[in-house]
Amino acid sequence: MINNWVKPLTSLKLTVFCLGCAMILVFLGTLDQVNIGVYEAENRYFKSFFLYFTLPGTTLRLPWFPSGYLVGGLLLVNLIAAHLARFKFTWKKAGIMVLHSGVILLLLGQLFTSLFQVESQMRLDQGETKNYSLSYYHDELALIDTSPSDSDQVISIPDSQLYKGHKIVLPVDSLEVGIDEYFINSALLRPDQLPSSNNPHLQIGPMAVSVQTERTYKENERNMPTAAVSVWQSGIHVGSWNLAAGFPRPARFRVGEKSFQIVLRPKRFYKPFAIQLVQFSHDRYAGTDIPKNFSSRVRLVDSSRHEDRETLIYMNHPLRYQGLTFYQSGFENNDKTTILQVVQNPSWLIPYVSRAEMHSGLELRSALPSQLVCRSR
């Protein structure tokens, strides 16, 4: 009975099927990224189990094709099952064993990267210091307790929980936040600029109106959400506000003796250290406006580790510290602001190890037969 279950998983037909599906996914994802951008294409085609089709006029989604997680998982199981069922370890087959173990490690590394890698950006003006980076794709509704004199207590509600009609119970002072309205993307306009169409809109302060717009997938544009929220304490209404990520000014209120702020903003990733921009350099070739090099001289301050030093970040020379990698990504504001890409990837070494292992397997595979022949002679 066990063999009947295991045998289909070791089939070469399953290997060919998975590789064929992977080729189709790469082809479809490459075409669709023109419309939905690289980030959304990765999520739809490679970081999910199925591609879905939504029936017109409904919210019902039907799976129609296996996606990256399912295809990669089947290929990984197929490779491991084939080794356990068919291969016996001998020195003659050591090369192929090492080669295939490198492929397995590469698949596992990609899975770990997909699950645990976090990317964000840190924008720094000349002389500015920050201890957090911002997500480019995700937002948060932050409730901030400003009562403590030494630090603020921040409760972050991810954008996945921000939708109309949802109520979130907070783990502080019996508070509850209700989402009365939510726009995934919006544009801030003056009241006299409101379009004649009946687009949903919310008043943001006395001089601005947030109008709902289509979600954008362009790489150089960011969705700017707007939310109408209400705060309750033990069933008693505390207040209601309209908040916009494009106008990240927090609303303030009090509950008893405590002071709070609530704000809709890009998701923040706080660090146990601070980065200060000392100087940004935009070098050009002599006599031209052609860029030659971008670099940021930054100061790293970590009081818990007694770190206070300066370092230079430039192309192919990132700063690595406490599991984070800071890359020089861009600049703006007439060379007065640097943009650092911040990547947290616990499995960043796995692809290098797997490629070295596959290379060793190929070398061993080509070397062993000649050695065996020499010994037989």
# chains A, B, ... in the order shown; residues from 1 in each chain; ligands from 1

call {"tool": "residues_around", "arguments": {"residues": "segment 81-91 of chain A", "least_positions_apart": "5", "cutoff": "8 Å", "atoms": "only C-alpha atoms", "output": "JSON, numbers by chain"}}
result
{"A": [6, 9, 10, 11, 97, 368]}

call {"tool": "write_last_selection", "arguments": {"atoms": "all heavy atoms", "output": "compact mmCIF listing (two decimals), in the first residue's frame"}}
result
# COMPACT_ATOMS: atom_id res chain seq x y z
N VAL A 6 3.68 5.90 -2.88
CA VAL A 6 4.97 6.53 -3.14
C VAL A 6 5.33 6.50 -4.62
O VAL A 6 5.92 7.44 -5.15
CB VAL A 6 6.08 5.84 -2.31
CG1 VAL A 6 7.46 6.38 -2.68
CG2 VAL A 6 5.81 6.04 -0.83
N LEU A 9 4.73 9.51 -6.84
CA LEU A 9 5.55 10.67 -6.49
C LEU A 9 6.96 10.57 -7.05
O LEU A 9 7.65 11.58 -7.14
CB LEU A 9 5.61 10.81 -4.96
CG LEU A 9 4.29 11.09 -4.25
CD1 LEU A 9 4.49 11.14 -2.75
CD2 LEU A 9 3.68 12.40 -4.74
N THR A 10 7.39 9.34 -7.41
CA THR A 10 8.73 9.17 -7.97
C THR A 10 8.72 9.19 -9.50
O THR A 10 9.78 9.04 -10.11
CB THR A 10 9.32 7.83 -7.50
OG1 THR A 10 8.54 6.75 -8.06
CG2 THR A 10 9.31 7.73 -5.99
N SER A 11 7.57 9.38 -10.11
CA SER A 11 7.44 9.27 -11.56
C SER A 11 8.18 10.39 -12.28
O SER A 11 8.14 11.55 -11.87
CB SER A 11 5.96 9.30 -11.95
OG SER A 11 5.81 9.40 -13.36
N MET A 97 24.34 12.32 -6.49
CA MET A 97 23.71 12.56 -5.20
C MET A 97 23.99 13.97 -4.70
O MET A 97 23.09 14.68 -4.23
CB MET A 97 24.22 11.53 -4.18
CG MET A 97 23.86 10.09 -4.49
SD MET A 97 22.11 9.72 -4.21
CE MET A 97 22.04 9.75 -2.44
N LEU A 368 34.84 10.88 -11.15
CA LEU A 368 34.80 9.53 -10.61
C LEU A 368 34.95 8.42 -11.66
O LEU A 368 35.66 7.47 -11.44
CB LEU A 368 33.51 9.32 -9.80
CG LEU A 368 33.55 9.85 -8.36
CD1 LEU A 368 32.21 9.64 -7.68
CD2 LEU A 368 34.64 9.15 -7.56

call {"tool": "closest_atom_pairs", "arguments": {"of": "segment 212-288 of chain A", "to": "segment 305-326 of chain A", "cutoff": "12 Å", "atoms": "only C-alpha atoms", "output": "CSV"}}
result
residue,atom,partner,partner_atom,distance
A:Phe269,CA,A:Leu324,CA,11.5
A:Tyr270,CA,A:Leu324,CA,11.9
A:Lys271,CA,A:Gln322,CA,9.5
A:Pro272,CA,A:Gln322,CA,9.2
A:Phe273,CA,A:Glu307,CA,9.0
A:Ala274,CA,A:Asp308,CA,9.7
A:Ile275,CA,A:Glu310,CA,9.6
A:Gln276,CA,A:Glu310,CA,9.1
A:Leu277,CA,A:Glu310,CA,9.6
A:Val278,CA,A:Glu310,CA,8.4
A:Gln279,CA,A:Leu312,CA,9.4
A:Phe280,CA,A:Ile313,CA,9.5
A:Ser281,CA,A:Tyr314,CA,9.5
A:His282,CA,A:Tyr314,CA,10.4
A:Asp283,CA,A:Tyr314,CA,11.3

call {"tool": "write_last_selection", "arguments": {"atoms": "N, CA, C and O atoms", "output": "mmCIF file, in the first residue's frame"}}
result
data_model
loop_
_atom_site.group_PDB
_atom_site.id
_atom_site.type_symbol
_atom_site.label_atom_id
_atom_site.label_comp_id
_atom_site.auth_asym_id
_atom_site.auth_seq_id
_atom_site.Cartn_x
_atom_site.Cartn_y
_atom_site.Cartn_z
ATOM 1 N N PHE A 269 9.119 49.347 9.926
ATOM 2 C CA PHE A 269 9.924 48.276 10.513
ATOM 3 C C PHE A 269 10.987 48.937 11.391
ATOM 4 O O PHE A 269 11.953 49.518 10.885
ATOM 5 N N TYR A 270 10.790 48.867 12.701
ATOM 6 C CA TYR A 270 11.699 49.527 13.629
ATOM 7 C C TYR A 270 12.955 48.692 13.838
ATOM 8 O O TYR A 270 12.926 47.458 13.838
ATOM 9 N N LYS A 271 14.097 49.390 14.018
ATOM 10 C CA LYS A 271 15.392 48.749 14.223
ATOM 11 C C LYS A 271 15.898 49.065 15.634
ATOM 12 O O LYS A 271 15.581 50.121 16.190
ATOM 13 N N PRO A 272 16.728 48.197 16.191
ATOM 14 C CA PRO A 272 17.328 48.476 17.505
ATOM 15 C C PRO A 272 18.556 49.373 17.404
ATOM 16 O O PRO A 272 19.358 49.438 18.334
ATOM 17 N N PHE A 273 18.703 50.054 16.281
ATOM 18 C CA PHE A 273 19.811 50.978 16.067
ATOM 19 C C PHE A 273 19.328 52.093 15.156
ATOM 20 O O PHE A 273 18.198 52.052 14.649
ATOM 21 N N ALA A 274 20.180 53.104 14.941
ATOM 22 C CA ALA A 274 19.807 54.261 14.131
ATOM 23 C C ALA A 274 20.829 54.483 13.026
ATOM 24 O O ALA A 274 22.018 54.179 13.189
ATOM 25 N N ILE A 275 20.342 55.021 11.903
ATOM 26 C CA ILE A 275 21.186 55.350 10.760
ATOM 27 C C ILE A 275 21.043 56.845 10.475
ATOM 28 O O ILE A 275 19.926 57.356 10.375
ATOM 29 N N GLN A 276 22.165 57.533 10.356
ATOM 30 C CA GLN A 276 22.177 58.959 10.016
ATOM 31 C C GLN A 276 22.898 59.159 8.684
ATOM 32 O O GLN A 276 23.961 58.587 8.449
ATOM 33 N N LEU A 277 22.299 59.986 7.801
ATOM 34 C CA LEU A 277 22.960 60.308 6.540
ATOM 35 C C LEU A 277 23.935 61.455 6.768
ATOM 36 O O LEU A 277 23.530 62.580 7.069
ATOM 37 N N VAL A 278 25.211 61.162 6.623
ATOM 38 C CA VAL A 278 26.249 62.182 6.772
ATOM 39 C C VAL A 278 26.407 62.965 5.481
ATOM 40 O O VAL A 278 26.425 64.200 5.471
ATOM 41 N N GLN A 279 26.491 62.229 4.354
ATOM 42 C CA GLN A 279 26.653 62.900 3.065
ATOM 43 C C GLN A 279 26.254 61.951 1.943
ATOM 44 O O GLN A 279 26.597 60.759 1.956
ATOM 45 N N PHE A 280 25.518 62.492 0.956
ATOM 46 C CA PHE A 280 25.203 61.737 -0.245
ATOM 47 C C PHE A 280 25.990 62.315 -1.405
ATOM 48 O O PHE A 280 26.050 63.544 -1.582
ATOM 49 N N SER A 281 26.606 61.457 -2.213
ATOM 50 C CA SER A 281 27.423 61.902 -3.341
ATOM 51 C C SER A 281 26.856 61.345 -4.638
ATOM 52 O O SER A 281 26.544 60.148 -4.728
ATOM 53 N N HIS A 282 26.715 62.223 -5.613
ATOM 54 C CA HIS A 282 26.261 61.848 -6.953
ATOM 55 C C HIS A 282 27.370 62.241 -7.923
ATOM 56 O O HIS A 282 27.432 63.378 -8.384
ATOM 57 N N ASP A 283 28.264 61.307 -8.188
ATOM 58 C CA ASP A 283 29.419 61.586 -9.038
ATOM 59 C C ASP A 283 29.050 61.439 -10.507
ATOM 60 O O ASP A 283 28.307 60.518 -10.884
#

call {"tool": "closest_residue", "arguments": {"among": "A:Val16, A:Val98, A:Leu264, A:Ser156", "to": "Leu170 of chain A", "atoms": "only C-alpha atoms"}}
result
A:Ser156

call {"tool": "closest_residue", "arguments": {"among": "A:Gln328, A:Gln233, A:Thr58, A:Asn199", "to": "Ile168 of chain A", "atoms": "only C-alpha atoms"}}
result
A:Gln233

call {"tool": "select_by_dssp", "arguments": {"residues": "segment 230-317 of chain A", "states": "strand (DSSP E or B)", "output": "PyMOL selection string"}}
result
chain A and resi 230-233+236-244+247+251-255+258-284+291-302+307-314+317

call {"tool": "select_by_dssp", "arguments": {"residues": "segment 112-347 of chain A", "states": "helix (DSSP H, G or I)", "output": "PyMOL selection string"}}
result
chain A and resi 112-116+159-161+191-193+303-305

call {"tool": "atom_distance", "arguments": {"atom1": "atom CA of Leu124 of chain A", "atom2": "atom CA of Gln341 of chain A"}}
result
11.5 Å

call {"tool": "atom_distance", "arguments": {"atom1": "atom CA of His100 of chain A", "atom2": "atom CA of Leu349 of chain A"}}
result
18.1 Å

call {"tool": "residues_around", "arguments": {"residues": "segment 93-95 of chain A", "least_positions_apart": "5", "cutoff": "7 Å", "atoms": "only C-alpha atoms", "output": "ChimeraX atom specification"}}
result
/A:361-362,364-365

call {"tool": "write_last_selection", "arguments": {"atoms": "all heavy atoms", "output": "compact mmCIF listing (two decimals), in the first residue's frame"}}
result
# COMPACT_ATOMS: atom_id res chain seq x y z
N GLY A 361 29.09 18.61 -7.35
CA GLY A 361 28.49 17.38 -7.85
C GLY A 361 28.85 17.11 -9.30
O GLY A 361 29.14 15.97 -9.69
N LEU A 362 28.84 18.18 -10.12
CA LEU A 362 29.21 18.01 -11.52
C LEU A 362 30.68 17.63 -11.66
O LEU A 362 31.04 16.77 -12.48
CB LEU A 362 28.93 19.31 -12.29
CG LEU A 362 27.46 19.66 -12.52
CD1 LEU A 362 27.33 21.05 -13.12
CD2 LEU A 362 26.79 18.63 -13.44
N LEU A 364 32.50 16.11 -9.40
CA LEU A 364 32.65 14.74 -8.89
C LEU A 364 32.11 13.73 -9.88
O LEU A 364 32.68 12.64 -10.07
CB LEU A 364 31.92 14.62 -7.54
CG LEU A 364 32.17 13.38 -6.69
CD1 LEU A 364 33.64 13.28 -6.31
CD2 LEU A 364 31.30 13.43 -5.44
N ARG A 365 31.03 14.09 -10.54
CA ARG A 365 30.41 13.21 -11.53
C ARG A 365 31.35 12.95 -12.70
O ARG A 365 31.43 11.83 -13.21
CB ARG A 365 29.11 13.87 -12.02
CG ARG A 365 28.41 13.17 -13.17
CD ARG A 365 27.70 11.94 -12.71
NE ARG A 365 26.86 11.41 -13.79
CZ ARG A 365 26.40 10.18 -13.82
NH1 ARG A 365 26.67 9.36 -12.83
NH2 ARG A 365 25.65 9.75 -14.82

call {"tool": "closest_atom_pairs", "arguments": {"of": "segment 111-206 of chain A", "to": "segment 34-53 of chain A", "cutoff": "10 Å", "atoms": "only C-alpha atoms", "output": "JSON lines"}}
result
{"residue": "A:Leu111", "atom": "CA", "partner": "A:Lys47", "partner_atom": "CA", "distance": 9.1}
{"residue": "A:Ser114", "atom": "CA", "partner": "A:Lys47", "partner_atom": "CA", "distance": 7.1}
{"residue": "A:Leu115", "atom": "CA", "partner": "A:Lys47", "partner_atom": "CA", "distance": 8.7}
{"residue": "A:Tyr137", "atom": "CA", "partner": "A:Tyr39", "partner_atom": "CA", "distance": 8.6}

call {"tool": "atom_distance", "arguments": {"atom1": "atom CA of Val301 of chain A", "atom2": "atom CA of Lys130 of chain A"}}
result
10.2 Å

call {"tool": "closest_residue", "arguments": {"among": "A:Glu176, A:Glu140, A:Asp32, A:Asp159", "to": "Val238 of chain A", "atoms": "only C-alpha atoms"}}
result
A:Glu176

call {"tool": "residues_around", "arguments": {"residues": "Gly239 of chain A", "least_positions_apart": "3", "cutoff": "9 Å", "atoms": "only C-alpha atoms", "output": "PyMOL selection string"}}
result
chain A and resi 229-232+253

call {"tool": "residues_around", "arguments": {"residues": "Ala244 of chain A", "least_positions_apart": "5", "cutoff": "8 Å", "atoms": "only C-alpha atoms", "output": "PyMOL selection string"}}
result
chain A and resi 204+210+224-227+264-265

call {"tool": "closest_residue", "arguments": {"among": "A:Ser135, A:Asn198, A:Ser240, A:Ser234", "to": "Gly178 of chain A", "atoms": "only C-alpha atoms"}}
result
A:Ser240

call {"tool": "decode", "arguments": {"residues": "segment 167-186 of chain A", "atoms": "N, CA and C atoms", "output": "PDB file, in the first residue's frame"}}
result
ATOM      1  N   LYS A 167     -14.179  45.200  12.531  1.00  0.00           N
ATOM      2  CA  LYS A 167     -13.894  45.745  13.848  1.00  0.00           C
ATOM      3  C   LYS A 167     -12.719  44.991  14.453  1.00  0.00           C
ATOM      4  N   ILE A 168     -11.760  45.737  14.994  1.00  0.00           N
ATOM      5  CA  ILE A 168     -10.541  45.148  15.556  1.00  0.00           C
ATOM      6  C   ILE A 168     -10.477  45.481  17.037  1.00  0.00           C
ATOM      7  N   VAL A 169     -10.398  44.435  17.862  1.00  0.00           N
ATOM      8  CA  VAL A 169     -10.252  44.608  19.311  1.00  0.00           C
ATOM      9  C   VAL A 169      -8.768  44.765  19.617  1.00  0.00           C
ATOM     10  N   LEU A 170      -8.420  45.836  20.309  1.00  0.00           N
ATOM     11  CA  LEU A 170      -7.018  46.128  20.610  1.00  0.00           C
ATOM     12  C   LEU A 170      -6.669  45.658  22.024  1.00  0.00           C
ATOM     13  N   PRO A 171      -5.419  45.217  22.225  1.00  0.00           N
ATOM     14  CA  PRO A 171      -5.022  44.700  23.538  1.00  0.00           C
ATOM     15  C   PRO A 171      -4.599  45.798  24.504  1.00  0.00           C
ATOM     16  N   VAL A 172      -5.347  46.902  24.553  1.00  0.00           N
ATOM     17  CA  VAL A 172      -4.998  47.993  25.463  1.00  0.00           C
ATOM     18  C   VAL A 172      -6.257  48.765  25.817  1.00  0.00           C
ATOM     19  N   ASP A 173      -6.509  48.931  27.106  1.00  0.00           N
ATOM     20  CA  ASP A 173      -7.576  49.790  27.642  1.00  0.00           C
ATOM     21  C   ASP A 173      -8.948  49.498  27.051  1.00  0.00           C
ATOM     22  N   SER A 174      -9.213  48.241  26.684  1.00  0.00           N
ATOM     23  CA  SER A 174     -10.531  47.834  26.153  1.00  0.00           C
ATOM     24  C   SER A 174     -10.939  48.642  24.922  1.00  0.00           C
ATOM     25  N   LEU A 175      -9.971  49.030  24.112  1.00  0.00           N
ATOM     26  CA  LEU A 175     -10.256  49.817  22.918  1.00  0.00           C
ATOM     27  C   LEU A 175     -10.603  48.925  21.735  1.00  0.00           C
ATOM     28  N   GLU A 176     -11.431  49.473  20.864  1.00  0.00           N
ATOM     29  CA  GLU A 176     -11.846  48.776  19.653  1.00  0.00           C
ATOM     30  C   GLU A 176     -11.885  49.769  18.507  1.00  0.00           C
ATOM     31  N   VAL A 177     -11.345  49.350  17.349  1.00  0.00           N
ATOM     32  CA  VAL A 177     -11.321  50.213  16.166  1.00  0.00           C
ATOM     33  C   VAL A 177     -12.247  49.621  15.112  1.00  0.00           C
ATOM     34  N   GLY A 178     -13.136  50.445  14.585  1.00  0.00           N
ATOM     35  CA  GLY A 178     -14.039  50.025  13.519  1.00  0.00           C
ATOM     36  C   GLY A 178     -13.678  50.719  12.211  1.00  0.00           C
ATOM     37  N   ILE A 179     -13.661  49.968  11.120  1.00  0.00           N
ATOM     38  CA  ILE A 179     -13.372  50.517   9.793  1.00  0.00           C
ATOM     39  C   ILE A 179     -14.695  50.829   9.120  1.00  0.00           C
ATOM     40  N   ASP A 180     -15.045  52.106   9.056  1.00  0.00           N
ATOM     41  CA  ASP A 180     -16.318  52.519   8.457  1.00  0.00           C
ATOM     42  C   ASP A 180     -16.246  52.600   6.936  1.00  0.00           C
ATOM     43  N   GLU A 181     -15.064  52.922   6.395  1.00  0.00           N
ATOM     44  CA  GLU A 181     -14.858  52.996   4.944  1.00  0.00           C
ATOM     45  C   GLU A 181     -13.370  52.822   4.672  1.00  0.00           C
ATOM     46  N   TYR A 182     -13.055  52.254   3.501  1.00  0.00           N
ATOM     47  CA  TYR A 182     -11.641  52.071   3.167  1.00  0.00           C
ATOM     48  C   TYR A 182     -11.468  52.106   1.664  1.00  0.00           C
ATOM     49  N   PHE A 183     -10.546  52.968   1.201  1.00  0.00           N
ATOM     50  CA  PHE A 183     -10.159  53.041  -0.203  1.00  0.00           C
ATOM     51  C   PHE A 183      -8.734  52.493  -0.328  1.00  0.00           C
ATOM     52  N   ILE A 184      -8.520  51.489  -1.166  1.00  0.00           N
ATOM     53  CA  ILE A 184      -7.166  50.964  -1.372  1.00  0.00           C
ATOM     54  C   ILE A 184      -6.261  52.023  -1.980  1.00  0.00           C
ATOM     55  N   ASN A 185      -6.812  52.830  -2.888  1.00  0.00           N
ATOM     56  CA  ASN A 185      -6.038  53.905  -3.496  1.00  0.00           C
ATOM     57  C   ASN A 185      -6.924  55.130  -3.609  1.00  0.00           C
ATOM     58  N   SER A 186      -6.328  56.302  -3.460  1.00  0.00           N
ATOM     59  CA  SER A 186      -7.111  57.539  -3.479  1.00  0.00           C
ATOM     60  C   SER A 186      -6.213  58.688  -3.901  1.00  0.00           C
TER      61      SER A 186
END
